[in-house]
file work13.txt (compact mmCIF, C-alpha atoms)
# COMPACT_ATOMS: atom_id res chain seq x y z
CA MET A 76 25.82 28.97 15.86
CA THR A 77 24.14 25.74 14.74
CA GLU A 78 23.12 24.96 11.19
CA PRO A 79 20.08 27.12 10.34
CA THR A 80 16.80 25.25 10.18
CA LEU A 81 15.11 27.51 7.64
CA GLY A 82 16.30 27.71 4.06
CA ASN A 83 15.70 31.45 3.85
CA ASN A 84 14.77 34.38 6.02
CA ILE A 85 11.96 35.88 3.98
CA VAL A 86 8.75 36.34 5.94
CA THR A 87 5.92 35.89 3.47
CA GLN A 88 2.87 35.97 5.71
CA VAL A 89 1.51 37.13 9.04
CA GLY A 90 -1.54 35.22 10.25
CA ILE A 91 -4.21 36.66 12.52
CA ILE A 92 -6.92 34.64 14.29
CA VAL A 93 -10.26 36.43 14.33
CA ARG A 94 -13.74 35.64 15.56
CA ASP A 95 -15.59 37.43 12.74
CA ILE A 96 -13.68 37.42 9.48
CA GLU A 97 -16.19 39.43 7.48
CA THR A 98 -16.01 42.41 9.85
CA LYS A 99 -12.24 42.20 10.28
CA ALA A 100 -11.60 41.83 6.55
CA ARG A 101 -13.71 44.91 5.89
CA ALA A 102 -11.75 46.91 8.47
CA TRP A 103 -8.43 45.79 6.95
CA SER A 104 -9.60 46.63 3.43
CA GLU A 105 -10.52 50.11 4.63
CA ILE A 106 -7.29 50.86 6.51
CA LEU A 107 -5.16 49.47 3.67
CA GLY A 108 -7.22 50.95 0.85
CA LEU A 109 -7.46 47.51 -0.78
CA PRO A 110 -10.53 45.77 -2.21
CA MET A 111 -12.51 43.47 0.06
CA PRO A 112 -10.95 40.03 -0.57
CA ASN A 113 -12.85 36.85 -1.28
CA ILE A 114 -13.36 34.80 1.85
CA ILE A 115 -12.48 31.19 1.16
CA ILE A 116 -13.13 28.08 3.27
CA THR A 117 -10.55 25.36 3.74
CA ASP A 118 -11.29 21.89 2.38
CA THR A 119 -13.11 19.25 4.40
CA VAL A 120 -11.17 16.76 6.51
CA ASP A 121 -11.30 14.02 3.84
CA LYS A 122 -9.06 16.26 1.74
CA THR A 123 -7.05 18.07 4.38
CA LYS A 124 -6.46 15.05 6.67
CA ALA A 125 -6.58 17.58 9.50
CA GLU A 126 -5.74 16.24 12.94
CA TYR A 127 -6.10 17.65 16.42
CA ASN A 128 -4.32 15.93 19.31
CA GLY A 129 -3.53 13.07 16.98
CA LYS A 130 -7.12 12.42 15.87
CA PRO A 131 -9.00 13.51 12.73
CA THR A 132 -10.97 16.72 13.24
CA LYS A 133 -13.72 18.38 11.25
CA ALA A 134 -12.02 21.70 11.89
CA ARG A 135 -12.04 24.11 8.98
CA ALA A 136 -11.35 27.81 8.69
CA LYS A 137 -12.49 30.81 6.74
CA LEU A 138 -9.49 32.61 5.25
CA ALA A 139 -8.93 36.03 3.70
CA PHE A 140 -5.65 37.31 2.24
CA PHE A 141 -4.34 40.83 1.70
CA HIS A 142 -1.34 40.94 -0.64
CA MET A 143 1.24 43.60 0.23
CA GLY A 144 4.63 43.30 -1.42
CA GLN A 145 6.58 40.27 -0.21
CA LEU A 146 4.09 39.68 2.57
CA ASP A 147 0.44 38.73 2.96
CA VAL A 148 -1.77 39.39 5.93
CA GLU A 149 -3.90 36.26 6.40
CA LEU A 150 -7.08 36.40 8.45
CA ILE A 151 -8.21 33.07 9.91
CA GLU A 152 -11.62 32.39 11.44
CA PRO A 153 -11.74 28.86 12.87
CA ILE A 154 -15.02 27.01 12.28
CA ASP A 155 -16.48 23.58 12.94
CA GLY A 156 -14.27 21.15 14.88
CA PRO A 157 -11.51 21.68 17.43
CA SER A 158 -8.18 23.06 16.23
CA THR A 159 -5.13 24.92 17.47
CA TRP A 160 -6.67 28.01 15.80
CA LYS A 161 -9.80 27.59 17.92
CA ASP A 162 -7.71 27.04 21.04
CA GLN A 163 -5.93 30.34 20.49
CA LEU A 164 -9.20 32.18 19.86
CA ASP A 165 -10.71 30.74 23.05
CA GLN A 166 -7.64 31.48 25.17
CA HIS A 167 -6.42 34.79 23.76
CA GLY A 168 -9.21 36.27 21.65
CA ASP A 169 -8.49 37.98 18.34
CA SER A 170 -4.71 37.88 18.08
CA LEU A 171 -1.66 37.43 15.90
CA HIS A 172 -1.07 33.72 15.30
CA HIS A 173 1.97 33.02 13.13
CA ILE A 174 4.62 34.33 10.81
CA ALA A 175 5.36 32.28 7.72
CA PHE A 176 8.53 31.47 5.81
CA GLU A 177 8.75 29.93 2.36
CA ILE A 178 10.62 26.65 2.27
CA LYS A 179 11.70 24.79 -0.85
CA ASP A 180 11.11 21.07 -1.40
CA MET A 181 8.86 20.44 1.57
CA GLN A 182 7.18 17.05 1.81
CA GLU A 183 3.98 18.67 2.99
CA LYS A 184 2.48 21.75 1.38
CA VAL A 185 1.96 23.58 4.66
CA ALA A 186 3.23 22.89 8.16
CA TYR A 187 2.97 24.71 11.44
CA LEU A 188 5.93 24.63 13.76
CA ASP A 189 4.98 25.37 17.36
CA GLY A 190 7.84 27.69 18.22
CA VAL A 191 6.15 29.50 21.12
CA ALA A 192 8.37 28.02 23.80
CA GLN A 193 11.57 28.51 21.82
CA LEU A 194 10.87 31.55 19.63
CA GLY A 195 7.78 33.21 21.07
CA THR A 196 5.54 32.42 18.09
CA VAL A 197 4.15 29.72 15.85
CA LEU A 198 5.98 29.54 12.51
CA GLU A 199 4.24 28.45 9.35
CA LEU A 200 6.40 26.78 6.74
CA LEU A 201 4.99 27.20 3.24
CA GLU A 202 6.11 25.25 0.20
CA ASN A 203 7.53 27.69 -2.32
CA ASP A 204 5.05 27.00 -5.11
CA GLY A 205 3.49 30.41 -5.59
CA ASN A 206 0.18 29.53 -3.94
CA ASP A 207 -1.43 31.39 -1.11
CA ASP A 208 -2.39 28.63 1.23
CA MET B 174 -14.39 51.84 0.81
CA THR B 175 -13.33 54.77 2.96
CA GLU B 176 -10.13 56.76 2.56
CA PRO B 177 -7.22 54.56 3.65
CA THR B 178 -5.67 55.47 6.99
CA LEU B 179 -2.17 54.21 6.21
CA GLY B 180 0.02 55.85 3.59
CA ASN B 181 1.42 52.56 2.39
CA ASN B 182 0.92 48.84 2.81
CA ILE B 183 4.49 47.74 3.46
CA VAL B 184 4.89 45.75 6.65
CA THR B 185 8.36 46.56 7.98
CA GLN B 186 8.35 44.79 11.32
CA VAL B 187 6.77 42.03 13.37
CA GLY B 188 7.11 42.45 17.13
CA ILE B 189 7.20 39.58 19.61
CA ILE B 190 6.89 39.94 23.39
CA VAL B 191 9.20 37.60 25.26
CA ARG B 192 10.05 36.95 28.89
CA ASP B 193 13.75 36.16 28.31
CA ILE B 194 15.20 38.04 25.36
CA GLU B 195 18.70 36.56 25.58
CA THR B 196 17.42 32.97 25.21
CA LYS B 197 14.89 33.84 22.52
CA ALA B 198 17.36 35.94 20.53
CA ARG B 199 19.81 33.05 20.55
CA ALA B 200 17.12 30.65 19.30
CA TRP B 201 16.16 33.06 16.51
CA SER B 202 19.79 33.58 15.51
CA GLU B 203 20.20 29.82 15.24
CA ILE B 204 17.03 29.11 13.24
CA LEU B 205 17.71 32.04 10.91
CA GLY B 206 21.44 31.49 10.63
CA LEU B 207 22.07 35.12 11.56
CA PRO B 208 24.55 36.53 14.10
CA MET B 209 23.35 37.10 17.64
CA PRO B 210 22.15 40.72 17.63
CA ASN B 211 23.04 43.36 20.18
CA ILE B 212 20.39 43.68 22.85
CA ILE B 213 19.57 47.32 23.44
CA ILE B 214 17.59 48.96 26.21
CA THR B 215 15.09 51.74 25.55
CA ASP B 216 15.77 55.17 27.03
CA THR B 217 14.60 56.18 30.48
CA VAL B 218 11.25 57.89 30.97
CA ASP B 219 12.78 61.39 31.06
CA LYS B 220 13.66 60.88 27.40
CA THR B 221 10.86 58.62 26.22
CA LYS B 222 8.02 60.40 28.07
CA ALA B 223 6.46 56.95 28.33
CA GLU B 224 2.96 56.82 29.79
CA TYR B 225 0.76 54.01 31.01
CA ASN B 226 -2.92 54.67 31.65
CA GLY B 227 -2.21 58.36 31.21
CA LYS B 228 0.55 58.58 33.82
CA PRO B 229 4.35 58.54 33.45
CA THR B 230 5.83 55.07 33.84
CA LYS B 231 9.36 53.84 34.39
CA ALA B 232 8.67 51.07 31.90
CA ARG B 233 11.53 50.22 29.60
CA ALA B 234 12.24 47.29 27.33
CA LYS B 235 15.12 45.26 26.07
CA LEU B 236 15.00 45.03 22.28
CA ALA B 237 16.69 42.85 19.67
CA PHE B 238 16.26 43.12 15.90
CA PHE B 239 16.78 40.60 13.11
CA HIS B 240 16.91 42.22 9.66
CA MET B 241 15.39 40.13 6.87
CA GLY B 242 14.66 41.90 3.60
CA GLN B 243 11.88 44.47 3.92
CA LEU B 244 11.00 43.21 7.37
CA ASP B 245 12.56 43.00 10.82
CA VAL B 246 11.64 40.64 13.59
CA GLU B 247 11.75 42.66 16.82
CA LEU B 248 11.99 40.90 20.17
CA ILE B 249 10.71 42.90 23.14
CA GLU B 250 11.30 42.04 26.80
CA PRO B 251 9.43 44.47 29.05
CA ILE B 252 11.34 45.55 32.15
CA ASP B 253 10.85 47.94 35.08
CA GLY B 254 7.50 49.73 35.25
CA PRO B 255 4.03 48.79 33.98
CA SER B 256 3.39 48.90 30.25
CA THR B 257 1.11 47.45 27.60
CA TRP B 258 4.01 45.13 26.72
CA LYS B 259 4.05 43.85 30.31
CA ASP B 260 0.27 43.47 30.28
CA GLN B 261 0.46 41.25 27.21
CA LEU B 262 3.26 39.15 28.71
CA ASP B 263 1.29 38.68 31.93
CA GLN B 264 -1.96 37.84 30.14
CA HIS B 265 -0.78 35.85 27.12
CA GLY B 266 2.82 34.82 27.75
CA ASP B 267 5.41 34.93 24.97
CA SER B 268 3.41 36.01 21.94
CA LEU B 269 3.28 38.06 18.77
CA HIS B 270 2.56 41.67 19.64
CA HIS B 271 2.34 43.95 16.60
CA ILE B 272 2.95 44.44 12.93
CA ALA B 273 4.48 47.73 11.86
CA PHE B 274 3.98 50.00 8.87
CA GLU B 275 6.20 52.90 7.83
CA ILE B 276 4.41 56.21 7.76
CA LYS B 277 5.80 59.43 6.32
CA ASP B 278 5.69 62.76 8.14
CA MET B 279 4.50 61.52 11.50
CA GLN B 280 4.48 63.98 14.38
CA GLU B 281 5.77 61.30 16.71
CA LYS B 282 8.62 58.96 15.85
CA VAL B 283 6.79 55.82 16.94
CA ALA B 284 3.16 55.21 17.79
CA TYR B 285 1.15 52.15 18.64
CA LEU B 286 -2.40 51.91 17.39
CA ASP B 287 -4.52 49.49 19.40
CA GLY B 288 -6.27 47.76 16.54
CA VAL B 289 -7.15 44.55 18.37
CA ALA B 290 -10.88 45.21 18.48
CA GLN B 291 -11.05 46.39 14.87
CA LEU B 292 -8.21 44.51 13.12
CA GLY B 293 -7.19 41.73 15.49
CA THR B 294 -3.75 43.18 16.25
CA VAL B 295 -1.84 46.16 17.51
CA LEU B 296 -0.29 48.19 14.68
CA GLU B 297 2.92 50.11 15.11
CA LEU B 298 3.35 53.19 12.98
CA LEU B 299 7.01 54.02 12.35
CA GLU B 300 8.28 57.28 10.96
CA ASN B 301 10.02 56.57 7.68
CA ASP B 302 13.47 57.80 8.67
CA GLY B 303 15.56 54.67 8.19
CA ASN B 304 15.96 53.96 11.92
CA ASP B 305 15.04 50.74 13.65
CA ASP B 306 13.17 51.98 16.66

call {"tool": "encode", "arguments": {"input": "work13.txt", "output": "structure tokens"}}
result
Amino acid sequence: MTEPTLGNNIVTQVGIIVRDIETKARAWSEILGLPMPNIIITDTVDKTKAEYNGKPTKARAKLAFFHMGQLDVELIEPIDGPSTWKDQLDQHGDSLHHIAFEIKDMQEKVAYLDGVAQLGTVLELLENDGNDD
Amino acid sequence: MTEPTLGNNIVTQVGIIVRDIETKARAWSEILGLPMPNIIITDTVDKTKAEYNGKPTKARAKLAFFHMGQLDVELIEPIDGPSTWKDQLDQHGDSLHHIAFEIKDMQEKVAYLDGVAQLGTVLELLENDGNDD
């Protein structure tokens, strides 16, 4: 066994790509018996420095979170420019996108790790700072 | 808000469809720093009563579980006959398949709920009996 790459094995989030976040969030709130969450929009590219294929992209996303114990369900509706979220929506429709682990002392606040070829899924690495994003 | 359908909001499992469970399980064991799990094979159709499109199917699956706090990662390699697992592998390749909730007093031990259209994912409902399957 090689040295583990992750600092812990606690899954804190499951992300789902959806075409219509308002409808999907309402369905989740009903099946879970939780209030309809606020739908937030990610910052613009001047703040996020988002890139797609190595170039800046105007891509943003609408997000909604359901908090359930150690784990959140995150709904993601890609909007505006091209993104890996949009690619998945175009290729696979509404679908599970990632599972997230909390990592301490990350240089970036959030990072995706494309683990599909090796692990069968994208991983999201979240800085352990108590925030949702 | 309507009456909630689920009895609780604790996600106990994330399922991933893979083409080669031995390779993927080894990669997961390395990134998580956990021992290589046993790979089990689901029972034959005479025990499982598995159906596909309303007819009995010989479909089985190889399964591997990684236990991490409240949640397991379940790897699923479909084998033998046709199944919804096999459909997903053929259509989407290695990919996240379901998230599971524990449900008390289910008539069946395990049930999938095709929530893709409504929720963006398949849900698996597991009887709360302390077993993995």

call {"tool": "calpha_fit_and_write", "arguments": {"input": "work13.txt", "fixed": "chain A", "moving": "chain B", "output": "short mmCIF file (atom, residue, chain, number, x, y, z; two decimals) with C-alpha atoms, in the frame of the given file"}}
result
data_model
loop_
_atom_site.label_atom_id
_atom_site.label_comp_id
_atom_site.auth_asym_id
_atom_site.auth_seq_id
_atom_site.Cartn_x
_atom_site.Cartn_y
_atom_site.Cartn_z
CA MET B 174 25.80 29.02 15.86
CA THR B 175 24.19 25.79 14.71
CA GLU B 176 23.14 24.98 11.16
CA PRO B 177 20.10 27.11 10.31
CA THR B 178 16.80 25.24 10.18
CA LEU B 179 15.11 27.50 7.63
CA GLY B 180 16.30 27.72 4.04
CA ASN B 181 15.67 31.43 3.83
CA ASN B 182 14.76 34.37 6.02
CA ILE B 183 11.94 35.89 3.98
CA VAL B 184 8.74 36.34 5.94
CA THR B 185 5.90 35.88 3.46
CA GLN B 186 2.87 35.98 5.71
CA VAL B 187 1.51 37.12 9.05
CA GLY B 188 -1.54 35.22 10.27
CA ILE B 189 -4.21 36.67 12.54
CA ILE B 190 -6.91 34.65 14.31
CA VAL B 191 -10.26 36.42 14.33
CA ARG B 192 -13.75 35.62 15.56
CA ASP B 193 -15.59 37.43 12.74
CA ILE B 194 -13.67 37.41 9.48
CA GLU B 195 -16.19 39.43 7.47
CA THR B 196 -16.01 42.41 9.86
CA LYS B 197 -12.24 42.22 10.28
CA ALA B 198 -11.60 41.83 6.55
CA ARG B 199 -13.70 44.91 5.88
CA ALA B 200 -11.74 46.91 8.47
CA TRP B 201 -8.43 45.79 6.95
CA SER B 202 -9.61 46.62 3.43
CA GLU B 203 -10.51 50.11 4.61
CA ILE B 204 -7.29 50.85 6.52
CA LEU B 205 -5.16 49.46 3.69
CA GLY B 206 -7.21 50.94 0.87
CA LEU B 207 -7.45 47.52 -0.78
CA PRO B 208 -10.53 45.78 -2.21
CA MET B 209 -12.49 43.47 0.06
CA PRO B 210 -10.95 40.04 -0.57
CA ASN B 211 -12.84 36.85 -1.27
CA ILE B 212 -13.35 34.80 1.85
CA ILE B 213 -12.49 31.18 1.19
CA ILE B 214 -13.14 28.09 3.26
CA THR B 215 -10.54 25.37 3.73
CA ASP B 216 -11.29 21.90 2.37
CA THR B 217 -13.09 19.26 4.39
CA VAL B 218 -11.16 16.77 6.50
CA ASP B 219 -11.28 14.04 3.82
CA LYS B 220 -9.03 16.27 1.73
CA THR B 221 -7.03 18.09 4.38
CA LYS B 222 -6.44 15.08 6.66
CA ALA B 223 -6.56 17.60 9.49
CA GLU B 224 -5.73 16.26 12.94
CA TYR B 225 -6.09 17.66 16.43
CA ASN B 226 -4.33 15.95 19.31
CA GLY B 227 -3.53 13.09 16.97
CA LYS B 228 -7.11 12.42 15.86
CA PRO B 229 -9.00 13.51 12.73
CA THR B 230 -10.97 16.71 13.24
CA LYS B 231 -13.71 18.38 11.25
CA ALA B 232 -12.01 21.70 11.88
CA ARG B 233 -12.04 24.11 8.98
CA ALA B 234 -11.35 27.81 8.68
CA LYS B 235 -12.49 30.79 6.74
CA LEU B 236 -9.50 32.60 5.25
CA ALA B 237 -8.92 36.02 3.71
CA PHE B 238 -5.65 37.31 2.25
CA PHE B 239 -4.35 40.84 1.70
CA HIS B 240 -1.34 40.94 -0.64
CA MET B 241 1.24 43.61 0.22
CA GLY B 242 4.64 43.31 -1.42
CA GLN B 243 6.58 40.28 -0.21
CA LEU B 244 4.08 39.68 2.56
CA ASP B 245 0.43 38.74 2.96
CA VAL B 246 -1.77 39.38 5.93
CA GLU B 247 -3.90 36.26 6.40
CA LEU B 248 -7.08 36.40 8.46
CA ILE B 249 -8.21 33.08 9.92
CA GLU B 250 -11.63 32.39 11.45
CA PRO B 251 -11.75 28.86 12.87
CA ILE B 252 -15.03 27.03 12.28
CA ASP B 253 -16.49 23.57 12.93
CA GLY B 254 -14.28 21.15 14.86
CA PRO B 255 -11.52 21.70 17.43
CA SER B 256 -8.20 23.06 16.23
CA THR B 257 -5.15 24.93 17.47
CA TRP B 258 -6.66 28.01 15.81
CA LYS B 259 -9.81 27.59 17.92
CA ASP B 260 -7.71 27.04 21.04
CA GLN B 261 -5.92 30.35 20.49
CA LEU B 262 -9.20 32.19 19.86
CA ASP B 263 -10.71 30.74 23.04
CA GLN B 264 -7.64 31.48 25.16
CA HIS B 265 -6.41 34.80 23.75
CA GLY B 266 -9.21 36.27 21.65
CA ASP B 267 -8.48 37.98 18.34
CA SER B 268 -4.70 37.88 18.09
CA LEU B 269 -1.66 37.43 15.90
CA HIS B 270 -1.08 33.74 15.30
CA HIS B 271 1.96 33.02 13.14
CA ILE B 272 4.61 34.32 10.82
CA ALA B 273 5.35 32.27 7.72
CA PHE B 274 8.51 31.47 5.80
CA GLU B 275 8.74 29.91 2.35
CA ILE B 276 10.60 26.64 2.29
CA LYS B 277 11.69 24.78 -0.83
CA ASP B 278 11.10 21.07 -1.37
CA MET B 279 8.85 20.42 1.59
CA GLN B 280 7.18 17.03 1.82
CA GLU B 281 3.98 18.66 3.00
CA LYS B 282 2.47 21.74 1.39
CA VAL B 283 1.93 23.58 4.67
CA ALA B 284 3.20 22.89 8.16
CA TYR B 285 2.97 24.71 11.43
CA LEU B 286 5.93 24.63 13.77
CA ASP B 287 4.99 25.37 17.37
CA GLY B 288 7.84 27.70 18.22
CA VAL B 289 6.15 29.50 21.11
CA ALA B 290 8.36 28.00 23.81
CA GLN B 291 11.57 28.49 21.83
CA LEU B 292 10.87 31.55 19.63
CA GLY B 293 7.78 33.19 21.08
CA THR B 294 5.55 32.40 18.09
CA VAL B 295 4.16 29.71 15.87
CA LEU B 296 5.97 29.53 12.52
CA GLU B 297 4.25 28.43 9.36
CA LEU B 298 6.40 26.77 6.74
CA LEU B 299 4.99 27.18 3.23
CA GLU B 300 6.12 25.24 0.21
CA ASN B 301 7.53 27.68 -2.30
CA ASP B 302 5.06 26.99 -5.10
CA GLY B 303 3.51 30.42 -5.61
CA ASN B 304 0.18 29.52 -3.96
CA ASP B 305 -1.40 31.36 -1.08
CA ASP B 306 -2.40 28.54 1.19
#

call {"tool": "interface_residues", "arguments": {"input": "work13.txt", "of": "chain B", "to": "chain A", "cutoff": "8 Å", "atoms": "only C-alpha atoms", "output": "PyMOL selection string"}}
result
chain B and resi 174-179+181-184+189-191+197-198+200-206+208+241-244+265+267-271+289-294

call {"tool": "write_last_selection", "arguments": {"input": "work13.txt", "atoms": "C-alpha atoms", "output": "PDB file, in the coordinates of the input"}}
result
ATOM      1  CA  MET B 174     -14.390  51.840   0.810  1.00  0.00           C
ATOM      2  CA  THR B 175     -13.330  54.770   2.960  1.00  0.00           C
ATOM      3  CA  GLU B 176     -10.130  56.760   2.560  1.00  0.00           C
ATOM      4  CA  PRO B 177      -7.220  54.560   3.650  1.00  0.00           C
ATOM      5  CA  THR B 178      -5.670  55.470   6.990  1.00  0.00           C
ATOM      6  CA  LEU B 179      -2.170  54.210   6.210  1.00  0.00           C
ATOM      7  CA  ASN B 181       1.420  52.560   2.390  1.00  0.00           C
ATOM      8  CA  ASN B 182       0.920  48.840   2.810  1.00  0.00           C
ATOM      9  CA  ILE B 183       4.490  47.740   3.460  1.00  0.00           C
ATOM     10  CA  VAL B 184       4.890  45.750   6.650  1.00  0.00           C
ATOM     11  CA  ILE B 189       7.200  39.580  19.610  1.00  0.00           C
ATOM     12  CA  ILE B 190       6.890  39.940  23.390  1.00  0.00           C
ATOM     13  CA  VAL B 191       9.200  37.600  25.260  1.00  0.00           C
ATOM     14  CA  LYS B 197      14.890  33.840  22.520  1.00  0.00           C
ATOM     15  CA  ALA B 198      17.360  35.940  20.530  1.00  0.00           C
ATOM     16  CA  ALA B 200      17.120  30.650  19.300  1.00  0.00           C
ATOM     17  CA  TRP B 201      16.160  33.060  16.510  1.00  0.00           C
ATOM     18  CA  SER B 202      19.790  33.580  15.510  1.00  0.00           C
ATOM     19  CA  GLU B 203      20.200  29.820  15.240  1.00  0.00           C
ATOM     20  CA  ILE B 204      17.030  29.110  13.240  1.00  0.00           C
ATOM     21  CA  LEU B 205      17.710  32.040  10.910  1.00  0.00           C
ATOM     22  CA  GLY B 206      21.440  31.490  10.630  1.00  0.00           C
ATOM     23  CA  PRO B 208      24.550  36.530  14.100  1.00  0.00           C
ATOM     24  CA  MET B 241      15.390  40.130   6.870  1.00  0.00           C
ATOM     25  CA  GLY B 242      14.660  41.900   3.600  1.00  0.00           C
ATOM     26  CA  GLN B 243      11.880  44.470   3.920  1.00  0.00           C
ATOM     27  CA  LEU B 244      11.000  43.210   7.370  1.00  0.00           C
ATOM     28  CA  HIS B 265      -0.780  35.850  27.120  1.00  0.00           C
ATOM     29  CA  ASP B 267       5.410  34.930  24.970  1.00  0.00           C
ATOM     30  CA  SER B 268       3.410  36.010  21.940  1.00  0.00           C
ATOM     31  CA  LEU B 269       3.280  38.060  18.770  1.00  0.00           C
ATOM     32  CA  HIS B 270       2.560  41.670  19.640  1.00  0.00           C
ATOM     33  CA  HIS B 271       2.340  43.950  16.600  1.00  0.00           C
ATOM     34  CA  VAL B 289      -7.150  44.550  18.370  1.00  0.00           C
ATOM     35  CA  ALA B 290     -10.880  45.210  18.480  1.00  0.00           C
ATOM     36  CA  GLN B 291     -11.050  46.390  14.870  1.00  0.00           C
ATOM     37  CA  LEU B 292      -8.210  44.510  13.120  1.00  0.00           C
ATOM     38  CA  GLY B 293      -7.190  41.730  15.490  1.00  0.00           C
ATOM     39  CA  THR B 294      -3.750  43.180  16.250  1.00  0.00           C
TER      40      THR B 294
END

call {"tool": "residues_around", "arguments": {"input": "work13.txt", "residues": "range 227-237 of chain B", "least_positions_apart": "4", "cutoff": "6 Å", "atoms": "all atoms listed in the file", "output": "list in words"}}
result
Ile212, Ile213, Ile214, Thr215, Val218, Ala223, Glu247, Leu248, Ile249, Glu250, Pro251, Ile252, Asp253, Gly254, Pro255 and Ser256 of chain B

call {"tool": "atom_distance", "arguments": {"input": "work13.txt", "atom1": "CA of Pro210 in chain B", "atom2": "CA of Glu195 in chain B"}}
result
9.6 Å

call {"tool": "atom_distance", "arguments": {"input": "work13.txt", "atom1": "CA of Leu188 in chain A", "atom2": "CA of Asn211 in chain B"}}
result
26.2 Å

call {"tool": "atom_distance", "arguments": {"input": "work13.txt", "atom1": "CA of Val283 in chain B", "atom2": "CA of Lys259 in chain B"}}
result
18.2 Å

call {"tool": "residues_around", "arguments": {"input": "work13.txt", "residues": "Lys282 in chain B", "least_positions_apart": "2", "cutoff": "7 Å", "atoms": "all atoms listed in the file", "output": "list in words"}}
result
Met279, Gln280, Ala284, Leu299 and Glu300 of chain B

call {"tool": "closest_residue", "arguments": {"input": "work13.txt", "among": "B:Thr221, B:Phe274, B:Thr257, B:Asp216", "to": "Asp287 in chain B", "atoms": "only C-alpha atoms"}}
result
B:Thr257

call {"tool": "decode", "arguments": {"input": "work13.txt", "residues": "range 162-175 of chain A", "atoms": "N, CA, C and O atoms", "output": "PDB file, in the first residue's frame"}}
result
ATOM      1  N   ASP A 162     -19.976  20.285 -19.304  1.00  0.00           N
ATOM      2  CA  ASP A 162     -19.634  19.106 -20.110  1.00  0.00           C
ATOM      3  C   ASP A 162     -20.387  17.875 -19.608  1.00  0.00           C
ATOM      4  O   ASP A 162     -20.934  17.095 -20.392  1.00  0.00           O
ATOM      5  N   GLN A 163     -20.384  17.690 -18.280  1.00  0.00           N
ATOM      6  CA  GLN A 163     -21.063  16.512 -17.749  1.00  0.00           C
ATOM      7  C   GLN A 163     -22.566  16.572 -18.014  1.00  0.00           C
ATOM      8  O   GLN A 163     -23.189  15.569 -18.379  1.00  0.00           O
ATOM      9  N   LEU A 164     -23.151  17.757 -17.842  1.00  0.00           N
ATOM     10  CA  LEU A 164     -24.588  17.899 -18.095  1.00  0.00           C
ATOM     11  C   LEU A 164     -24.899  17.580 -19.549  1.00  0.00           C
ATOM     12  O   LEU A 164     -25.861  16.859 -19.860  1.00  0.00           O
ATOM     13  N   ASP A 165     -24.084  18.091 -20.474  1.00  0.00           N
ATOM     14  CA  ASP A 165     -24.318  17.845 -21.897  1.00  0.00           C
ATOM     15  C   ASP A 165     -24.155  16.369 -22.245  1.00  0.00           C
ATOM     16  O   ASP A 165     -24.896  15.819 -23.057  1.00  0.00           O
ATOM     17  N   GLN A 166     -23.169  15.717 -21.632  1.00  0.00           N
ATOM     18  CA  GLN A 166     -22.855  14.334 -22.015  1.00  0.00           C
ATOM     19  C   GLN A 166     -23.695  13.299 -21.283  1.00  0.00           C
ATOM     20  O   GLN A 166     -23.997  12.237 -21.817  1.00  0.00           O
ATOM     21  N   HIS A 167     -24.052  13.603 -20.030  1.00  0.00           N
ATOM     22  CA  HIS A 167     -24.685  12.562 -19.200  1.00  0.00           C
ATOM     23  C   HIS A 167     -26.014  12.991 -18.590  1.00  0.00           C
ATOM     24  O   HIS A 167     -26.647  12.197 -17.887  1.00  0.00           O
ATOM     25  N   GLY A 168     -26.437  14.228 -18.823  1.00  0.00           N
ATOM     26  CA  GLY A 168     -27.677  14.688 -18.228  1.00  0.00           C
ATOM     27  C   GLY A 168     -27.537  14.870 -16.722  1.00  0.00           C
ATOM     28  O   GLY A 168     -26.423  14.877 -16.184  1.00  0.00           O
ATOM     29  N   ASP A 169     -28.681  15.027 -16.044  1.00  0.00           N
ATOM     30  CA  ASP A 169     -28.662  15.155 -14.588  1.00  0.00           C
ATOM     31  C   ASP A 169     -27.974  13.929 -14.004  1.00  0.00           C
ATOM     32  O   ASP A 169     -28.360  12.794 -14.302  1.00  0.00           O
ATOM     33  N   SER A 170     -26.980  14.136 -13.166  1.00  0.00           N
ATOM     34  CA  SER A 170     -26.190  12.993 -12.703  1.00  0.00           C
ATOM     35  C   SER A 170     -25.295  13.378 -11.533  1.00  0.00           C
ATOM     36  O   SER A 170     -24.931  14.536 -11.360  1.00  0.00           O
ATOM     37  N   LEU A 171     -24.963  12.360 -10.739  1.00  0.00           N
ATOM     38  CA  LEU A 171     -23.992  12.549  -9.662  1.00  0.00           C
ATOM     39  C   LEU A 171     -22.664  13.011 -10.251  1.00  0.00           C
ATOM     40  O   LEU A 171     -22.230  12.514 -11.292  1.00  0.00           O
ATOM     41  N   HIS A 172     -22.003  13.938  -9.574  1.00  0.00           N
ATOM     42  CA  HIS A 172     -20.782  14.540 -10.129  1.00  0.00           C
ATOM     43  C   HIS A 172     -19.530  14.254  -9.312  1.00  0.00           C
ATOM     44  O   HIS A 172     -18.504  13.908  -9.857  1.00  0.00           O
ATOM     45  N   HIS A 173     -19.604  14.419  -7.996  1.00  0.00           N
ATOM     46  CA  HIS A 173     -18.395  14.231  -7.192  1.00  0.00           C
ATOM     47  C   HIS A 173     -18.740  13.828  -5.769  1.00  0.00           C
ATOM     48  O   HIS A 173     -19.870  14.003  -5.324  1.00  0.00           O
ATOM     49  N   ILE A 174     -17.735  13.276  -5.091  1.00  0.00           N
ATOM     50  CA  ILE A 174     -17.807  13.166  -3.638  1.00  0.00           C
ATOM     51  C   ILE A 174     -16.626  13.961  -3.089  1.00  0.00           C
ATOM     52  O   ILE A 174     -15.561  14.023  -3.692  1.00  0.00           O
ATOM     53  N   ALA A 175     -16.866  14.603  -1.950  1.00  0.00           N
ATOM     54  CA  ALA A 175     -15.873  15.547  -1.425  1.00  0.00           C
ATOM     55  C   ALA A 175     -15.308  15.073  -0.096  1.00  0.00           C
ATOM     56  O   ALA A 175     -16.015  14.504   0.736  1.00  0.00           O
TER      57      ALA A 175
END
